[in-house]
Amino acid sequence: MPEENAYQQPDLLGGTKKRIAFDIEIAKDLPDDFDDFKAYRPLGISCAAALTEEDSLTLWYGGKEEEDYRKKMTVGEVAAMVDFLWEKVQAGYQIYTWNGLGFDFDILFEESGEDARCKQMAEKHVDMMFHFFCIKGYAISLDKAARGMGLEGKIEGMNGALAPKLWHEGQYETVLEYVAQDARATLALARECDQKKLVRWTSNRGRPQICRLPNGWMTADLAQNLPEPDTTWMSTPWPRSKFTGWLE
């Protein structure tokens, strides 16, 4: 990748608030008891969604140009999606995801034919879950965070593990609406938490929880430099490399 394609980082603290939320769904149907998705690679991408600050929704899926549906997106289709995201960040948009560093961009990198821009965007985008993880030492779901902030979460009865099964069964519109709603929830959460400088959720024991965000959400490269939280109470805490290892 030529040097002139260096990522132009929007200045989050300088007033730039043009956000774009991004989410993908994998194509491979994983077993119910899977532990690490990386063990089942390549996973493929069935569909993806991006939603801008202006509420402009873009959907991608295999076969879209032919007005058909395929099991997964081709390398060329994924590459076009990378081009779209790259053009948006060059236009001043800040990408927001929930677990995009350790999941979406990792898979995007592989499925695009290892486009180096995926690594640049991964490091410089706002992965809200990763930022939360760097503060607390554990992760929570998008649905838990969204509902904790009084927002609409994921579609009831749907999840990322179920999406590939439904796609293979031909329930394409159901999965496309699911990935679109994930993008909507991601963008709404980004706005709300940036404004209130905190994220609220309810613990598994039913207790209200709060995590302060003094400067709003941080990009992944900045969050990674935060002090390590105390995780001595955990039996097997996750290292940050669980999310960043593929960048090396």
# chains A, B, ... in the order shown; residues from 1 in each chain; ligands from 1
call {"tool": "residues_around", "arguments": {"residues": "Leu108 in chain A", "least_positions_apart": "2", "cutoff": "10 Å", "atoms": "only C-alpha atoms", "output": "PyMOL selection string"}}
result
chain A and resi 24+44-45+75+78-79+81-82+100+103-106+110-115+118-119+122
call {"tool": "residues_around", "arguments": {"residues": "Arg240 in chain A", "least_positions_apart": "5", "cutoff": "9 Å", "atoms": "only C-alpha atoms", "output": "ChimeraX atom specification"}}
result
/A:130,133-134,137,224,245
call {"tool": "closest_residue", "arguments": {"among": "A:Lys18, A:Arg117, A:Lys154, A:His168", "to": "Ser46 in chain A", "atoms": "only C-alpha atoms"}}
result
A:His168
call {"tool": "select_by_dssp", "arguments": {"residues": "range 35-245 of chain A", "states": "strand (DSSP E)", "output": "PyMOL selection string"}}
result
chain A and resi 45-52+57-61+94-97+126-127+198-202+208-212
call {"tool": "write_last_selection", "arguments": {"atoms": "N, CA, C and O atoms", "output": "mmCIF file, in the first residue's frame"}}
result
data_model
loop_
_atom_site.group_PDB
_atom_site.id
_atom_site.type_symbol
_atom_site.label_atom_id
_atom_site.label_comp_id
_atom_site.auth_asym_id
_atom_site.auth_seq_id
_atom_site.Cartn_x
_atom_site.Cartn_y
_atom_site.Cartn_z
ATOM 1 N N ILE A 45 -17.786 -13.423 4.776
ATOM 2 C CA ILE A 45 -18.719 -12.361 5.173
ATOM 3 C C ILE A 45 -19.982 -12.523 4.345
ATOM 4 O O ILE A 45 -19.928 -12.526 3.111
ATOM 5 N N SER A 46 -21.109 -12.694 5.022
ATOM 6 C CA SER A 46 -22.380 -12.807 4.290
ATOM 7 C C SER A 46 -22.914 -11.428 3.943
ATOM 8 O O SER A 46 -23.389 -11.195 2.828
ATOM 9 N N CYS A 47 -22.834 -10.507 4.920
ATOM 10 C CA CYS A 47 -23.366 -9.163 4.701
ATOM 11 C C CYS A 47 -22.755 -8.196 5.701
ATOM 12 O O CYS A 47 -22.096 -8.609 6.665
ATOM 13 N N ALA A 48 -22.970 -6.921 5.472
ATOM 14 C CA ALA A 48 -22.419 -5.880 6.345
ATOM 15 C C ALA A 48 -23.267 -4.628 6.202
ATOM 16 O O ALA A 48 -24.035 -4.482 5.240
ATOM 17 N N ALA A 49 -23.117 -3.735 7.182
ATOM 18 C CA ALA A 49 -23.887 -2.490 7.159
ATOM 19 C C ALA A 49 -23.033 -1.341 7.677
ATOM 20 O O ALA A 49 -22.186 -1.523 8.554
ATOM 21 N N ALA A 50 -23.264 -0.157 7.136
ATOM 22 C CA ALA A 50 -22.643 1.074 7.619
ATOM 23 C C ALA A 50 -23.723 2.144 7.687
ATOM 24 O O ALA A 50 -24.549 2.262 6.768
ATOM 25 N N LEU A 51 -23.714 2.889 8.770
ATOM 26 C CA LEU A 51 -24.706 3.957 8.972
ATOM 27 C C LEU A 51 -23.993 5.231 9.351
ATOM 28 O O LEU A 51 -23.257 5.269 10.331
ATOM 29 N N THR A 52 -24.203 6.305 8.573
ATOM 30 C CA THR A 52 -23.532 7.567 8.825
ATOM 31 C C THR A 52 -24.307 8.428 9.806
ATOM 32 O O THR A 52 -25.464 8.164 10.124
ATOM 33 N N LEU A 57 -27.873 4.722 5.327
ATOM 34 C CA LEU A 57 -27.552 3.316 5.538
ATOM 35 C C LEU A 57 -27.064 2.682 4.241
ATOM 36 O O LEU A 57 -27.704 2.812 3.193
ATOM 37 N N THR A 58 -25.938 1.983 4.315
ATOM 38 C CA THR A 58 -25.407 1.227 3.185
ATOM 39 C C THR A 58 -25.315 -0.233 3.587
ATOM 40 O O THR A 58 -24.766 -0.564 4.638
ATOM 41 N N LEU A 59 -25.877 -1.103 2.756
ATOM 42 C CA LEU A 59 -25.823 -2.545 2.999
ATOM 43 C C LEU A 59 -25.011 -3.222 1.902
ATOM 44 O O LEU A 59 -25.086 -2.841 0.732
ATOM 45 N N TRP A 60 -24.239 -4.215 2.283
ATOM 46 C CA TRP A 60 -23.488 -5.039 1.345
ATOM 47 C C TRP A 60 -23.851 -6.502 1.577
ATOM 48 O O TRP A 60 -24.089 -6.912 2.713
ATOM 49 N N TYR A 61 -23.860 -7.272 0.518
ATOM 50 C CA TYR A 61 -24.009 -8.720 0.648
ATOM 51 C C TYR A 61 -23.577 -9.381 -0.658
ATOM 52 O O TYR A 61 -23.516 -8.734 -1.717
ATOM 53 N N GLN A 94 -15.436 9.358 11.405
ATOM 54 C CA GLN A 94 -14.804 8.487 12.389
ATOM 55 C C GLN A 94 -15.617 7.196 12.475
ATOM 56 O O GLN A 94 -16.817 7.235 12.746
ATOM 57 N N ILE A 95 -14.972 6.067 12.215
ATOM 58 C CA ILE A 95 -15.661 4.780 12.278
ATOM 59 C C ILE A 95 -15.851 4.359 13.733
ATOM 60 O O ILE A 95 -14.930 4.444 14.538
ATOM 61 N N TYR A 96 -17.058 3.889 14.046
ATOM 62 C CA TYR A 96 -17.370 3.334 15.365
ATOM 63 C C TYR A 96 -17.842 1.889 15.195
ATOM 64 O O TYR A 96 -18.630 1.590 14.285
ATOM 65 N N THR A 97 -17.376 1.011 16.075
ATOM 66 C CA THR A 97 -17.848 -0.375 16.087
ATOM 67 C C THR A 97 -18.005 -0.835 17.531
ATOM 68 O O THR A 97 -17.602 -0.148 18.472
ATOM 69 N N VAL A 126 -12.848 3.876 16.434
ATOM 70 C CA VAL A 126 -13.332 3.784 17.807
ATOM 71 C C VAL A 126 -14.058 2.449 17.984
ATOM 72 O O VAL A 126 -15.179 2.279 17.494
ATOM 73 N N ASP A 127 -13.395 1.520 18.639
ATOM 74 C CA ASP A 127 -14.027 0.267 19.035
ATOM 75 C C ASP A 127 -14.477 0.468 20.477
ATOM 76 O O ASP A 127 -13.679 0.378 21.407
ATOM 77 N N LEU A 198 -20.228 8.734 29.588
ATOM 78 C CA LEU A 198 -20.309 7.533 30.420
ATOM 79 C C LEU A 198 -21.074 6.457 29.662
ATOM 80 O O LEU A 198 -21.720 6.721 28.645
ATOM 81 N N VAL A 199 -20.966 5.230 30.171
ATOM 82 C CA VAL A 199 -21.779 4.127 29.678
ATOM 83 C C VAL A 199 -22.367 3.410 30.883
ATOM 84 O O VAL A 199 -21.680 3.177 31.880
ATOM 85 N N ARG A 200 -23.651 3.126 30.804
ATOM 86 C CA ARG A 200 -24.340 2.404 31.881
ATOM 87 C C ARG A 200 -24.764 1.027 31.376
ATOM 88 O O ARG A 200 -25.071 0.855 30.196
ATOM 89 N N TRP A 201 -24.816 0.073 32.272
ATOM 90 C CA TRP A 201 -25.330 -1.248 31.954
ATOM 91 C C TRP A 201 -25.776 -1.916 33.251
ATOM 92 O O TRP A 201 -25.516 -1.405 34.337
ATOM 93 N N THR A 202 -26.434 -3.036 33.119
ATOM 94 C CA THR A 202 -26.870 -3.800 34.277
ATOM 95 C C THR A 202 -26.068 -5.096 34.333
ATOM 96 O O THR A 202 -25.982 -5.812 33.322
ATOM 97 N N PRO A 208 -27.147 -2.066 38.729
ATOM 98 C CA PRO A 208 -26.779 -0.976 37.807
ATOM 99 C C PRO A 208 -25.278 -0.676 37.905
ATOM 100 O O PRO A 208 -24.728 -0.609 39.008
ATOM 101 N N GLN A 209 -24.647 -0.517 36.759
ATOM 102 C CA GLN A 209 -23.213 -0.242 36.701
ATOM 103 C C GLN A 209 -22.973 1.004 35.849
ATOM 104 O O GLN A 209 -23.787 1.343 34.992
ATOM 105 N N ILE A 210 -21.823 1.643 36.077
ATOM 106 C CA ILE A 210 -21.487 2.837 35.308
ATOM 107 C C ILE A 210 -19.979 2.888 35.075
ATOM 108 O O ILE A 210 -19.193 2.503 35.937
ATOM 109 N N CYS A 211 -19.595 3.312 33.893
ATOM 110 C CA CYS A 211 -18.183 3.493 33.546
ATOM 111 C C CYS A 211 -18.041 4.893 32.967
ATOM 112 O O CYS A 211 -18.685 5.238 31.974
ATOM 113 N N ARG A 212 -17.214 5.722 33.601
ATOM 114 C CA ARG A 212 -17.018 7.104 33.161
ATOM 115 C C ARG A 212 -16.119 7.169 31.932
ATOM 116 O O ARG A 212 -15.141 6.416 31.817
#
call {"tool": "atom_distance", "arguments": {"atom1": "CA of Phe84 in chain A", "atom2": "CA of Glu66 in chain A"}}
result
18.8 Å
call {"tool": "select_by_dssp", "arguments": {"residues": "range 90-127 of chain A", "states": "helix (DSSP H, G or I)", "output": "list in words"}}
result
Gln90, Gly100, Leu101, Gly102, Phe103, Asp104, Phe105, Asp106, Ile107, Leu108, Phe109, Glu110, Glu111, Arg117, Cys118, Lys119, Gln120, Met121, Ala122, Glu123 and Lys124 of chain A
call {"tool": "closest_residue", "arguments": {"among": "A:Ile140, A:Ala116, A:Ala146, A:Ala27", "to": "Ala188 in chain A", "atoms": "only C-alpha atoms"}}
result
A:Ala146
call {"tool": "closest_residue", "arguments": {"among": "A:Val179, A:Trp238, A:Asp143, A:Ala190", "to": "Leu213 in chain A", "atoms": "only C-alpha atoms"}}
result
A:Ala190
call {"tool": "residues_around", "arguments": {"residues": "Glu65 in chain A", "least_positions_apart": "4", "cutoff": "12 Å", "atoms": "only C-alpha atoms", "output": "PDB file with C-alpha atoms, in the first residue's frame"}}
result
ATOM      1  CA  LEU A  59     -25.823  -2.545   2.999  1.00  0.00           C
ATOM      2  CA  TRP A  60     -23.488  -5.039   1.345  1.00  0.00           C
ATOM      3  CA  TYR A  61     -24.009  -8.720   0.648  1.00  0.00           C
ATOM      4  CA  TYR A  69     -27.900 -13.544  -2.919  1.00  0.00           C
ATOM      5  CA  ARG A  70     -24.803 -15.697  -2.454  1.00  0.00           C
ATOM      6  CA  MET A  73     -19.135 -11.954  -0.439  1.00  0.00           C
ATOM      7  CA  THR A  74     -16.320 -12.308  -2.969  1.00  0.00           C
ATOM      8  CA  GLY A  76     -13.844  -8.090  -4.984  1.00  0.00           C
ATOM      9  CA  GLU A  77     -17.062  -7.255  -3.143  1.00  0.00           C
ATOM     10  CA  ALA A  80     -15.227  -2.459  -2.645  1.00  0.00           C
TER      11      ALA A  80
END
call {"tool": "closest_residue", "arguments": {"among": "A:Tyr138, A:Gln195, A:Lys124, A:Leu176", "to": "Pro239 in chain A", "atoms": "only C-alpha atoms"}}
result
A:Tyr138
